[in-house]
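Structure data follow from target_18.cif (mmCIF, C-alpha atoms and all ligand atoms):
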data_start
#
loop_
_atom_site.label_atom_id
_atom_site.label_comp_id
_atom_site.auth_asym_id
_atom_site.auth_seq_id
_atom_site.Cartn_x
_atom_site.Cartn_y
_atom_site.Cartn_z
CA MET A 1 0.00 0.00 0.00
CA THR A 2 1.18 3.51 -0.76
CA THR A 3 2.55 5.50 2.19
CA VAL A 4 2.11 8.98 0.69
CA MET A 5 -1.19 10.62 -0.19
CA GLN A 6 -2.54 13.84 -1.59
CA ALA A 7 -4.33 16.17 0.80
CA VAL A 8 -5.76 19.69 0.72
CA GLU A 9 -3.67 21.75 3.14
CA ILE A 10 -4.21 25.22 4.56
CA ALA A 11 -0.97 26.78 3.32
CA ALA A 12 -1.96 30.26 4.53
CA PHE A 13 -4.85 31.43 6.69
CA GLY A 14 -7.12 33.83 4.77
CA PRO A 15 -8.83 33.71 1.37
CA PRO A 16 -9.67 30.42 -0.44
CA GLU A 17 -6.41 30.54 -2.42
CA GLY A 18 -4.65 29.55 0.83
CA LEU A 19 -5.85 25.99 0.16
CA ARG A 20 -3.42 23.90 -1.88
CA LEU A 21 -2.90 20.28 -2.78
CA GLY A 22 0.08 18.80 -0.91
CA GLU A 23 1.55 15.45 0.05
CA ARG A 24 1.20 13.88 3.47
CA PRO A 25 1.94 10.45 4.94
CA VAL A 26 -1.06 8.13 4.84
CA PRO A 27 -2.38 8.13 8.44
CA ARG A 28 -2.35 4.89 10.42
CA PRO A 29 -5.39 3.78 12.39
CA GLY A 30 -4.86 3.39 16.14
CA PRO A 31 -6.90 1.40 18.63
CA GLY A 32 -10.63 1.85 18.02
CA GLU A 33 -10.01 3.41 14.60
CA LEU A 34 -10.22 2.44 10.95
CA LEU A 35 -8.63 3.73 7.74
CA ILE A 36 -10.84 4.89 4.87
CA ARG A 37 -9.72 5.24 1.25
CA VAL A 38 -11.66 8.42 0.60
CA ALA A 39 -13.80 8.83 -2.52
CA ALA A 40 -15.49 12.09 -1.48
CA SER A 41 -15.14 14.73 1.26
CA GLY A 42 -17.97 16.99 2.34
CA VAL A 43 -17.38 20.76 2.61
CA ASN A 44 -18.87 22.55 5.61
CA ARG A 45 -18.88 26.16 6.80
CA PRO A 46 -16.62 25.30 9.75
CA ASP A 47 -13.92 24.34 7.17
CA VAL A 48 -14.10 27.93 5.88
CA LEU A 49 -13.65 29.25 9.42
CA GLN A 50 -10.68 26.90 9.93
CA ARG A 51 -9.12 28.13 6.65
CA LYS A 52 -9.48 31.71 7.88
CA GLY A 53 -7.65 30.80 11.09
CA SER A 54 -10.62 31.23 13.42
CA TYR A 55 -11.55 27.57 14.10
CA ALA A 56 -8.54 25.54 15.17
CA PRO A 57 -8.80 21.73 15.26
CA PRO A 58 -9.13 20.24 18.75
CA PRO A 59 -5.84 19.12 20.36
CA GLY A 60 -4.34 16.00 18.78
CA VAL A 61 -6.48 16.26 15.62
CA SER A 62 -5.06 16.56 12.06
CA ASP A 63 -4.45 20.14 10.89
CA LEU A 64 -6.02 19.22 7.54
CA PRO A 65 -9.57 20.55 7.10
CA GLY A 66 -12.53 18.24 6.49
CA LEU A 67 -15.14 16.93 8.93
CA GLU A 68 -16.78 14.16 6.86
CA VAL A 69 -15.80 11.58 4.27
CA ALA A 70 -17.12 8.59 2.38
CA GLY A 71 -15.13 5.73 0.91
CA VAL A 72 -14.01 2.17 1.51
CA VAL A 73 -12.61 0.66 4.72
CA GLU A 74 -9.04 -0.39 4.03
CA ALA A 75 -7.72 -1.42 7.46
CA GLY A 76 -8.40 -0.91 11.14
CA ASP A 77 -8.84 -2.25 14.66
CA SER A 78 -10.42 -5.60 13.86
CA GLU A 79 -12.06 -6.05 17.26
CA ALA A 80 -13.70 -2.60 17.23
CA MET A 81 -14.74 -3.13 13.61
CA ALA A 82 -16.27 -6.54 14.40
CA GLN A 83 -18.24 -5.01 17.27
CA ALA A 84 -19.61 -2.38 14.89
CA GLY A 85 -20.35 -4.97 12.20
CA LEU A 86 -17.83 -3.38 9.80
CA ARG A 87 -15.29 -5.15 7.59
CA VAL A 88 -12.43 -4.26 5.27
CA GLY A 89 -13.98 -3.46 1.88
CA ASP A 90 -17.20 -2.00 3.30
CA ARG A 91 -18.45 1.33 1.97
CA VAL A 92 -18.78 3.78 4.87
CA CYS A 93 -19.25 7.45 5.62
CA ALA A 94 -17.68 8.96 8.72
CA LEU A 95 -17.73 12.00 10.94
CA VAL A 96 -14.16 13.11 11.74
CA ALA A 97 -12.79 15.98 13.81
CA GLY A 98 -10.37 16.91 10.99
CA GLY A 99 -8.30 15.40 8.17
CA GLY A 100 -11.23 14.77 5.82
CA TYR A 101 -9.74 16.65 2.83
CA ALA A 102 -7.37 13.79 1.99
CA GLN A 103 -7.13 10.59 -0.04
CA TRP A 104 -6.98 8.52 3.14
CA CYS A 105 -8.55 9.39 6.47
CA VAL A 106 -8.59 7.74 9.89
CA ALA A 107 -11.91 7.71 11.76
CA PRO A 108 -13.03 6.37 15.15
CA VAL A 109 -15.05 3.21 14.44
CA PRO A 110 -18.14 4.43 16.39
CA GLN A 111 -18.32 7.51 14.12
CA CYS A 112 -18.58 5.41 10.94
CA LEU A 113 -21.87 4.40 9.36
CA PRO A 114 -22.56 2.18 6.37
CA VAL A 115 -23.36 4.08 3.18
CA PRO A 116 -27.18 4.04 3.03
CA GLU A 117 -28.49 1.72 0.34
CA GLY A 118 -28.60 3.30 -3.10
CA LEU A 119 -26.48 6.37 -2.27
CA SER A 120 -23.35 7.41 -4.19
CA ASP A 121 -20.05 8.26 -2.47
CA VAL A 122 -20.69 11.96 -3.05
CA GLU A 123 -24.14 11.72 -1.46
CA ALA A 124 -22.80 9.69 1.48
CA ALA A 125 -19.97 12.17 2.10
CA SER A 126 -22.53 14.96 2.38
CA LEU A 127 -24.31 13.37 5.34
CA PRO A 128 -22.34 13.05 8.59
CA GLU A 129 -21.62 16.63 9.68
CA THR A 130 -25.12 17.99 9.16
CA PHE A 131 -27.03 14.85 10.21
CA PHE A 132 -25.02 14.47 13.45
CA THR A 133 -25.37 18.20 14.18
CA VAL A 134 -29.11 18.43 13.46
CA TRP A 135 -29.91 15.24 15.36
CA SER A 136 -27.91 16.29 18.40
CA ASN A 137 -29.25 19.85 18.54
CA VAL A 138 -32.82 19.72 17.25
CA PHE A 139 -33.92 16.36 18.63
CA ASP A 140 -31.62 15.72 21.62
CA ARG A 141 -30.94 19.20 23.03
CA ALA A 142 -34.08 21.05 21.90
CA ARG A 143 -36.32 17.95 22.15
CA LEU A 144 -38.45 18.76 19.07
CA GLN A 145 -41.62 16.63 19.23
CA PRO A 146 -44.06 15.51 16.52
CA GLY A 147 -46.75 18.18 16.12
CA GLU A 148 -44.44 21.00 17.23
CA THR A 149 -43.21 23.86 15.05
CA LEU A 150 -39.53 24.35 14.18
CA LEU A 151 -38.04 27.59 12.82
CA VAL A 152 -34.80 26.95 10.91
CA GLN A 153 -32.67 30.04 10.35
CA GLY A 154 -30.71 29.54 7.11
CA GLY A 155 -33.00 26.90 5.63
CA SER A 156 -30.99 26.52 2.41
CA SER A 157 -27.68 25.79 4.18
CA GLY A 158 -26.27 22.28 4.40
CA ILE A 159 -27.55 22.20 7.96
CA GLY A 160 -30.88 23.73 6.94
CA VAL A 161 -31.76 21.24 4.18
CA THR A 162 -31.09 18.41 6.64
CA ALA A 163 -33.16 20.03 9.40
CA ILE A 164 -36.11 20.62 7.06
CA GLN A 165 -36.25 17.00 5.95
CA LEU A 166 -35.64 15.37 9.33
CA ALA A 167 -38.10 17.59 11.21
CA ARG A 168 -40.79 17.08 8.59
CA ALA A 169 -40.19 13.32 8.51
CA ARG A 170 -40.65 13.26 12.29
CA GLY A 171 -43.96 15.07 12.15
CA ALA A 172 -43.03 18.69 12.90
CA THR A 173 -44.21 21.80 11.06
CA VAL A 174 -41.16 23.49 9.53
CA ILE A 175 -40.72 27.22 8.93
CA VAL A 176 -37.45 28.45 7.40
CA THR A 177 -35.74 31.73 6.75
CA ALA A 178 -33.56 32.25 3.66
CA GLY A 179 -31.99 35.21 1.91
CA SER A 180 -33.76 35.09 -1.47
CA ASP A 181 -37.07 34.05 -3.03
CA ASP A 182 -35.28 31.32 -5.00
CA LYS A 183 -33.82 29.88 -1.81
CA CYS A 184 -37.24 30.04 -0.16
CA ALA A 185 -38.72 28.11 -3.12
CA ALA A 186 -35.96 25.49 -2.82
CA CYS A 187 -36.72 25.04 0.89
CA LEU A 188 -40.44 24.62 0.19
CA ALA A 189 -39.61 22.02 -2.49
CA LEU A 190 -37.61 20.10 0.12
CA GLY A 191 -40.59 19.94 2.46
CA ALA A 192 -40.59 23.15 4.48
CA HIS A 193 -44.20 24.18 5.20
CA HIS A 194 -43.45 27.93 5.17
CA ALA A 195 -40.47 30.00 3.99
CA ILE A 196 -39.64 33.56 4.99
CA ASN A 197 -37.30 35.72 2.89
CA TYR A 198 -35.54 37.41 5.79
CA LYS A 199 -34.29 40.21 3.53
CA THR A 200 -37.81 41.36 2.67
CA GLN A 201 -39.92 40.04 5.56
CA ASP A 202 -39.70 40.20 9.36
CA PHE A 203 -39.42 36.68 10.71
CA VAL A 204 -40.96 37.63 14.06
CA ALA A 205 -44.12 39.00 12.45
CA GLU A 206 -44.26 36.16 9.93
CA THR A 207 -43.87 33.36 12.50
CA ARG A 208 -46.60 35.01 14.62
CA ARG A 209 -48.88 35.15 11.59
CA ILE A 210 -48.16 31.54 10.54
CA THR A 211 -48.66 30.16 14.07
CA GLU A 212 -51.72 32.38 14.68
CA GLY A 213 -49.99 34.15 17.54
CA ARG A 214 -48.86 31.02 19.38
CA GLY A 215 -45.19 31.18 18.39
CA VAL A 216 -42.74 28.42 17.43
CA ASP A 217 -41.60 25.64 19.77
CA VAL A 218 -37.98 25.37 18.66
CA VAL A 219 -35.58 27.64 16.76
CA LEU A 220 -32.42 26.23 15.16
CA ASP A 221 -30.21 29.33 15.09
CA MET A 222 -26.97 29.71 13.12
CA VAL A 223 -27.00 33.51 13.29
CA ALA A 224 -27.16 34.56 16.99
CA GLY A 225 -26.24 38.25 17.62
CA SER A 226 -29.33 40.43 17.28
CA TYR A 227 -31.38 37.39 16.19
CA VAL A 228 -31.56 36.02 19.74
CA ALA A 229 -33.77 38.87 21.00
CA ARG A 230 -36.13 38.36 18.06
CA GLU A 231 -36.19 34.59 18.59
CA VAL A 232 -37.09 35.07 22.24
CA GLU A 233 -40.02 37.14 20.94
CA CYS A 234 -41.25 34.54 18.46
CA LEU A 235 -40.99 31.48 20.72
CA ALA A 236 -44.13 29.85 22.17
CA GLU A 237 -44.44 29.03 25.87
CA ASP A 238 -41.82 26.46 26.91
CA GLY A 239 -39.98 27.22 23.63
CA ARG A 240 -36.34 26.35 23.02
CA VAL A 241 -33.68 28.07 20.94
CA VAL A 242 -30.56 26.10 20.10
CA ILE A 243 -27.62 28.14 18.83
CA ILE A 244 -25.11 26.33 16.60
CA ALA A 245 -23.24 29.29 15.09
CA VAL A 246 -22.72 33.00 15.58
CA GLN A 247 -22.62 34.38 12.02
CA GLY A 248 -24.46 37.49 13.25
CA GLY A 249 -22.22 38.15 16.26
CA LEU A 250 -21.27 36.77 19.65
CA GLN A 251 -23.11 39.25 21.85
CA ALA A 252 -26.86 39.14 22.35
CA GLU A 253 -29.16 41.38 24.39
CA PHE A 254 -32.71 40.10 24.93
CA ASN A 255 -35.76 40.55 27.09
CA ALA A 256 -35.10 38.25 30.06
CA GLY A 257 -38.65 38.88 31.25
CA LEU A 258 -39.92 36.92 28.24
CA VAL A 259 -37.61 34.03 29.14
CA LEU A 260 -39.22 33.89 32.59
CA ARG A 261 -42.79 34.46 31.51
CA LYS A 262 -42.67 31.92 28.67
CA ARG A 263 -40.31 29.49 30.50
CA LEU A 264 -37.86 29.53 27.57
CA THR A 265 -34.64 27.55 27.17
CA ILE A 266 -31.66 29.09 25.39
CA THR A 267 -29.04 26.47 24.64
CA GLY A 268 -26.38 25.61 22.07
CA SER A 269 -23.51 23.28 21.31
CA THR A 270 -20.60 22.58 19.04
CA LEU A 271 -20.05 19.04 17.83
CA ARG A 272 -16.37 18.89 16.88
CA PRO A 273 -14.71 18.72 20.33
CA ARG A 274 -17.21 16.24 21.81
CA PRO A 275 -15.85 12.79 22.75
CA VAL A 276 -16.08 9.72 20.53
CA ALA A 277 -18.61 8.05 22.87
CA PHE A 278 -20.97 11.04 22.48
CA LYS A 279 -20.66 11.01 18.70
CA GLY A 280 -20.99 7.22 18.67
CA ALA A 281 -24.33 7.48 20.48
CA ILE A 282 -25.58 9.91 17.83
CA ALA A 283 -24.34 7.55 15.10
CA GLN A 284 -26.32 4.73 16.67
CA ALA A 285 -29.51 6.83 16.79
CA LEU A 286 -29.02 7.93 13.18
CA ARG A 287 -28.45 4.36 12.05
CA GLU A 288 -31.66 3.20 13.69
CA GLN A 289 -33.94 6.14 13.02
CA VAL A 290 -32.64 8.05 10.01
CA TRP A 291 -30.67 5.65 7.79
CA PRO A 292 -33.89 3.78 6.86
CA LEU A 293 -35.38 7.13 5.72
CA LEU A 294 -32.34 7.70 3.48
CA ALA A 295 -32.54 4.16 2.09
CA SER A 296 -36.25 4.58 1.31
CA GLY A 297 -35.75 8.01 -0.28
CA ALA A 298 -38.01 9.75 2.26
CA VAL A 299 -34.97 11.89 3.19
CA LYS A 300 -32.51 12.80 0.44
CA PRO A 301 -29.00 14.21 0.31
CA VAL A 302 -29.08 17.66 -1.34
CA ILE A 303 -25.96 18.13 -3.44
CA HIS A 304 -25.47 21.61 -4.91
CA SER A 305 -22.16 20.88 -6.63
CA THR A 306 -19.04 18.75 -6.65
CA PHE A 307 -15.43 19.79 -7.27
CA ALA A 308 -12.26 17.78 -7.79
CA ALA A 309 -10.30 18.05 -4.54
CA ALA A 310 -7.60 20.02 -6.37
CA ASP A 311 -10.27 22.72 -6.82
CA ALA A 312 -11.05 23.01 -3.11
CA ALA A 313 -10.41 26.77 -3.25
CA ARG A 314 -13.23 27.13 -5.78
CA ALA A 315 -15.50 25.06 -3.56
CA HIS A 316 -14.79 27.36 -0.61
CA ALA A 317 -15.32 30.48 -2.74
CA LEU A 318 -18.72 29.12 -3.77
CA MET A 319 -19.66 28.45 -0.15
CA GLU A 320 -18.65 31.98 0.83
CA SER A 321 -20.72 33.43 -2.02
CA ASN A 322 -23.79 31.89 -0.31
CA ALA A 323 -25.11 31.00 -3.79
CA HIS A 324 -25.52 27.33 -2.90
CA VAL A 325 -28.52 25.38 -1.67
CA GLY A 326 -27.47 22.26 0.24
CA LYS A 327 -24.06 20.65 0.14
CA ILE A 328 -20.78 21.10 -1.72
CA VAL A 329 -18.58 17.99 -2.01
CA LEU A 330 -14.96 17.32 -3.09
CA THR A 331 -14.07 14.17 -5.03
CA TRP A 332 -10.86 12.14 -5.08
CA THR A 333 -9.37 9.64 -7.48
CA THR A 334 -6.86 7.13 -6.13
N1 LIG A 401 -22.38 23.90 16.29
C1 LIG A 401 -22.04 22.92 15.48
O1 LIG A 401 -21.73 21.81 15.93
C2 LIG A 401 -22.03 23.15 14.00
C3 LIG A 401 -21.78 22.07 13.12
C4 LIG A 401 -21.84 22.33 11.74
C5 LIG A 401 -22.10 23.60 11.26
N2 LIG A 401 -22.31 24.61 12.15
C6 LIG A 401 -22.61 25.97 11.68
O2 LIG A 401 -23.87 25.94 11.05
C7 LIG A 401 -23.92 26.91 10.01
C8 LIG A 401 -24.34 26.24 8.72
O3 LIG A 401 -23.29 25.39 8.29
P1 LIG A 401 -23.28 24.84 6.80
O4 LIG A 401 -22.07 24.02 6.63
O5 LIG A 401 -24.61 24.27 6.52
O6 LIG A 401 -23.05 26.21 6.02
P2 LIG A 401 -23.66 26.89 4.72
O7 LIG A 401 -24.29 25.88 3.84
O8 LIG A 401 -22.57 27.71 4.14
O9 LIG A 401 -24.78 27.84 5.31
C9 LIG A 401 -24.62 29.09 5.87
C10 LIG A 401 -25.98 29.72 5.76
O10 LIG A 401 -26.15 30.81 6.66
C11 LIG A 401 -27.23 31.56 6.13
N3 LIG A 401 -27.31 32.88 6.75
C12 LIG A 401 -26.33 33.79 6.89
N4 LIG A 401 -26.82 34.89 7.52
C13 LIG A 401 -28.13 34.65 7.78
C14 LIG A 401 -29.19 35.38 8.38
N5 LIG A 401 -28.97 36.61 8.86
N6 LIG A 401 -30.42 34.82 8.49
C15 LIG A 401 -30.64 33.58 8.02
N7 LIG A 401 -29.68 32.83 7.41
C16 LIG A 401 -28.44 33.36 7.29
C17 LIG A 401 -26.92 31.60 4.64
O11 LIG A 401 -28.12 31.68 3.93
P3 LIG A 401 -28.63 32.98 3.11
O12 LIG A 401 -27.86 33.07 1.86
O13 LIG A 401 -30.04 32.65 2.91
O14 LIG A 401 -28.37 34.14 4.02
C18 LIG A 401 -26.31 30.21 4.38
O15 LIG A 401 -27.29 29.34 3.84
C19 LIG A 401 -22.53 27.52 9.91
O16 LIG A 401 -22.54 28.76 10.57
C20 LIG A 401 -21.66 26.51 10.64
O17 LIG A 401 -20.52 27.10 11.20
C21 LIG A 401 -22.29 24.41 13.50
#
Serialized structure, structure tokens:
Amino acid sequence: MTTVMQAVEIAAFGPPEGLRLGERPVPRPGPGELLIRVAASGVNRPDVLQRKGSYAPPPGVSDLPGLEVAGVVEAGDSEAMAQAGLRVGDRVCALVAGGGYAQWCVAPVPQCLPVPEGLSDVEAASLPETFFTVWSNVFDRARLQPGETLLVQGGSSGIGVTAIQLARARGATVIVTAGSDDKCAACLALGAHHAINYKTQDFVAETRRITEGRGVDVVLDMVAGSYVAREVECLAEDGRVVIIAVQGGLQAEFNAGLVLRKRLTITGSTLRPRPVAFKGAIAQALREQVWPLLASGAVKPVIHSTFAAADAARAHALMESNAHVGKIVLTWTT
């Protein structure tokens, strides 16, 4: 087996051109890990933040960007693999804390899932980061229940298209915000019940109108900043807001009286630094409750575009243009 691989490195923090194809040693799987020959690597907004120098990998994790991959198992800890029902030669997708933009990638066995029946490598590589994040935040932390209403800020994002489909499949009413009428239409086509163009409409007034004054039960927020005060306004009694990003700013000022009166919960989380056991538990839940929906086609990967890995800079530039709906994926040939 070859010992040297191609990988997309961050040669300089800053604009997309700082990404370049380089050579690295093929990583070796340790205890509890397996080695994947990567066919496709998903691109996520946190990769852009890492490239800019504002989202360092957790200690001990590869400095290469990339939080999700799909490919074929080539080697690994045979006992851990047997426990997980995985074998050399299996097609898998995996959530990783870094190192995904490479021809080979090591992943903890509990964070690997079989490629859902009928899905391509590109489709499979688009799943882990958003499905783990949405599951953990919307269903575990914010406890969205069937019959409740979810407001997804950024409905056309990779996270958003996953949240729309999962929440709808689990019996929730889904309202999204997006920055253009075309993006709103795309969200509706994916199953959102209502879409609000946040550039031309006020999401507080619109959610009140849609819910006939009751408010929404859960908000999935990737904006924060001034949005938090408005989300506190548009939540129903016992509502929950779960913050997963701070694109609109770190500081928030809101009416604490509303938090008391409506018994609101403001929470949030970030997936990357969480331990393997935590991510493994999410993987198990996804395998049982979501993978059948992917296999049946009830929930679909949403691929906006693919790029050869050598063109990773173009993929990042596209993501930063915000012109995409759904996921951007890099492909490898080995
Ligand atoms: N906490 C975690 O564990 C975790 C894990 C993964 C990702 N994330 C975060 O989740 C976010 C989405 O990630 P992604 O990979 O799916 O990125 P993405 O596809 O690039 O999506 C970013 C989205 O943010 C939307 N947006 C920006 N400003 C907005 C505003 N004021 N109101 C509503 N929407 C707004 C953009 O939509 P418009 O063009 O419509 O504005 C765009 O669709 C990122 O901020 C990422 O860092 C967090």
**Message:** Between atom CA of Gly249 of chain A and atom CA of Val228 of chain A, what is the distance in Å, rounded to a tenth?
**Reply:**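 It comes out at 10.2 Å.
Distances to Lys183 of chain A were evaluated for A:Asn322, A:Arg20, A:Pro46, A:Gly71 using all atoms listed in the file, and the minimum falls at A:Asn322.
The coordinates place atom CA of Gly155 of chain A at 20.0 Å from atom CA of Gly297 of chain A.
Minimum distance to Gly30 of chain A across A:Ala308, A:Ala125, A:Val106, A:Val302 (counting only C-alpha atoms) occurs at A:Val106.
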Could I get the residue neighbourhood of ligand LIG 401 (chain A) at 8 Å, counting all atoms listed in the file, as a compact mmCIF listing (two decimals) with C-alpha atoms, in the frame of the given file?
# COMPACT_ATOMS: atom_id res chain seq x y z
CA VAL A 43 -17.38 20.76 2.61
CA ASN A 44 -18.87 22.55 5.61
CA ARG A 45 -18.88 26.16 6.80
CA PRO A 46 -16.62 25.30 9.75
CA LEU A 49 -13.65 29.25 9.42
CA GLU A 129 -21.62 16.63 9.68
CA THR A 130 -25.12 17.99 9.16
CA THR A 133 -25.37 18.20 14.18
CA GLN A 153 -32.67 30.04 10.35
CA GLY A 154 -30.71 29.54 7.11
CA GLY A 155 -33.00 26.90 5.63
CA SER A 156 -30.99 26.52 2.41
CA SER A 157 -27.68 25.79 4.18
CA GLY A 158 -26.27 22.28 4.40
CA ILE A 159 -27.55 22.20 7.96
CA GLY A 160 -30.88 23.73 6.94
CA THR A 177 -35.74 31.73 6.75
CA ALA A 178 -33.56 32.25 3.66
CA GLY A 179 -31.99 35.21 1.91
CA SER A 180 -33.76 35.09 -1.47
CA LYS A 183 -33.82 29.88 -1.81
CA ASN A 197 -37.30 35.72 2.89
CA TYR A 198 -35.54 37.41 5.79
CA MET A 222 -26.97 29.71 13.12
CA VAL A 223 -27.00 33.51 13.29
CA TYR A 227 -31.38 37.39 16.19
CA ILE A 243 -27.62 28.14 18.83
CA ILE A 244 -25.11 26.33 16.60
CA ALA A 245 -23.24 29.29 15.09
CA VAL A 246 -22.72 33.00 15.58
CA GLN A 247 -22.62 34.38 12.02
CA GLY A 248 -24.46 37.49 13.25
CA GLY A 268 -26.38 25.61 22.07
CA SER A 269 -23.51 23.28 21.31
CA THR A 270 -20.60 22.58 19.04
CA LEU A 271 -20.05 19.04 17.83
CA ARG A 272 -16.37 18.89 16.88
CA MET A 319 -19.66 28.45 -0.15
CA GLU A 320 -18.65 31.98 0.83
CA ASN A 322 -23.79 31.89 -0.31
CA ALA A 323 -25.11 31.00 -3.79
CA HIS A 324 -25.52 27.33 -2.90
CA VAL A 325 -28.52 25.38 -1.67
CA GLY A 326 -27.47 22.26 0.24
CA LYS A 327 -24.06 20.65 0.14
**Request:** Would you mind reading off the distance between atom CA of Ser321 of chain A and atom CA of Trp104 of chain A, one decimal, in Å?
**Result:**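 About the pair atom CA of Ser321 of chain A and atom CA of Trp104 of chain A: they are 28.9 Å apart.
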**Test item: which residues lie within 12 Å of (-38.3, 28.9, 26.1) counting all atoms listed in the file, as a ChimeraX atom specification** = /A:142-143,215-219,228,231-242,255-267
**Asked** Of the candidates A:Asp221, A:Glu79, A:Glu117, A:Glu74, which shows the shortest atom-to-atom distance to Leu150 of chain A, using only C-alpha atoms?
**Response** A:Asp221
**Prompt:** From the set A:Leu166, A:Phe254, A:Thr149, A:Gly66, which residue has the shortest atom-to-atom contact distance to Ser136 of chain A, counting only C-alpha atoms?
**Reply:**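 Closest to Ser136 of chain A, using only C-alpha atoms: A:Leu166.
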**Message:** Just want the 10 Å neighbourhood of segment 278-281 of chain A, counted on all atoms listed in the file, with same-chain residues fewer than 6 positions away dropped. Output as a list in words.
**Reply:**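 Counting all atoms listed in the file, the residues come to Leu95, Val96, Pro108, Val109, Pro110, Gln111, Cys112, Leu113, Phe132, Thr133, Ser136, Leu271, Arg272 and Arg287 of chain A.
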**Message:** Residues within 8 Å of Gly118 of chain A, please, as a PyMOL selection string. Count all atoms listed in the file; anything in the same chain fewer than 2 positions from it doesn't count.
**Reply:** chain A and resi 116+120+295
Keeping N, CA, C and O atoms (and nothing else), can you write segment 154-165 of chain A of this structure as a short mmCIF file (atom, residue, chain, number, x, y, z; two decimals), in the first residue's frame?
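Result went into decode.cif, see below:
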data_model
loop_
_atom_site.label_atom_id
_atom_site.label_comp_id
_atom_site.auth_asym_id
_atom_site.auth_seq_id
_atom_site.Cartn_x
_atom_site.Cartn_y
_atom_site.Cartn_z
N GLY A 154 -31.65 30.05 8.12
CA GLY A 154 -30.71 29.54 7.11
C GLY A 154 -31.18 28.21 6.54
O GLY A 154 -30.41 27.25 6.48
N GLY A 155 -32.42 28.16 6.09
CA GLY A 155 -33.00 26.90 5.63
C GLY A 155 -32.31 26.28 4.43
O GLY A 155 -32.38 25.07 4.23
N SER A 156 -31.61 27.08 3.62
CA SER A 156 -30.99 26.52 2.41
C SER A 156 -29.56 26.07 2.65
O SER A 156 -28.90 25.55 1.75
N SER A 157 -29.05 26.24 3.86
CA SER A 157 -27.68 25.79 4.18
C SER A 157 -27.63 24.28 4.20
O SER A 157 -28.67 23.60 4.21
N GLY A 158 -26.41 23.73 4.25
CA GLY A 158 -26.27 22.28 4.40
C GLY A 158 -27.00 21.81 5.64
O GLY A 158 -27.73 20.80 5.61
N ILE A 159 -26.83 22.53 6.73
CA ILE A 159 -27.55 22.20 7.96
C ILE A 159 -29.06 22.34 7.75
O ILE A 159 -29.85 21.49 8.16
N GLY A 160 -29.45 23.43 7.10
CA GLY A 160 -30.88 23.73 6.94
C GLY A 160 -31.62 22.66 6.15
O GLY A 160 -32.70 22.22 6.55
N VAL A 161 -31.04 22.22 5.02
CA VAL A 161 -31.76 21.24 4.18
C VAL A 161 -31.92 19.91 4.92
O VAL A 161 -32.88 19.17 4.69
N THR A 162 -30.97 19.62 5.82
CA THR A 162 -31.09 18.41 6.64
C THR A 162 -32.18 18.60 7.69
O THR A 162 -33.03 17.72 7.90
N ALA A 163 -32.17 19.77 8.35
CA ALA A 163 -33.16 20.03 9.40
C ALA A 163 -34.58 20.01 8.84
O ALA A 163 -35.49 19.46 9.46
N ILE A 164 -34.77 20.62 7.68
CA ILE A 164 -36.11 20.62 7.06
C ILE A 164 -36.61 19.19 6.91
O ILE A 164 -37.72 18.84 7.34
N GLN A 165 -35.78 18.36 6.30
CA GLN A 165 -36.25 17.00 5.95
C GLN A 165 -36.46 16.13 7.20
O GLN A 165 -37.43 15.39 7.28
#
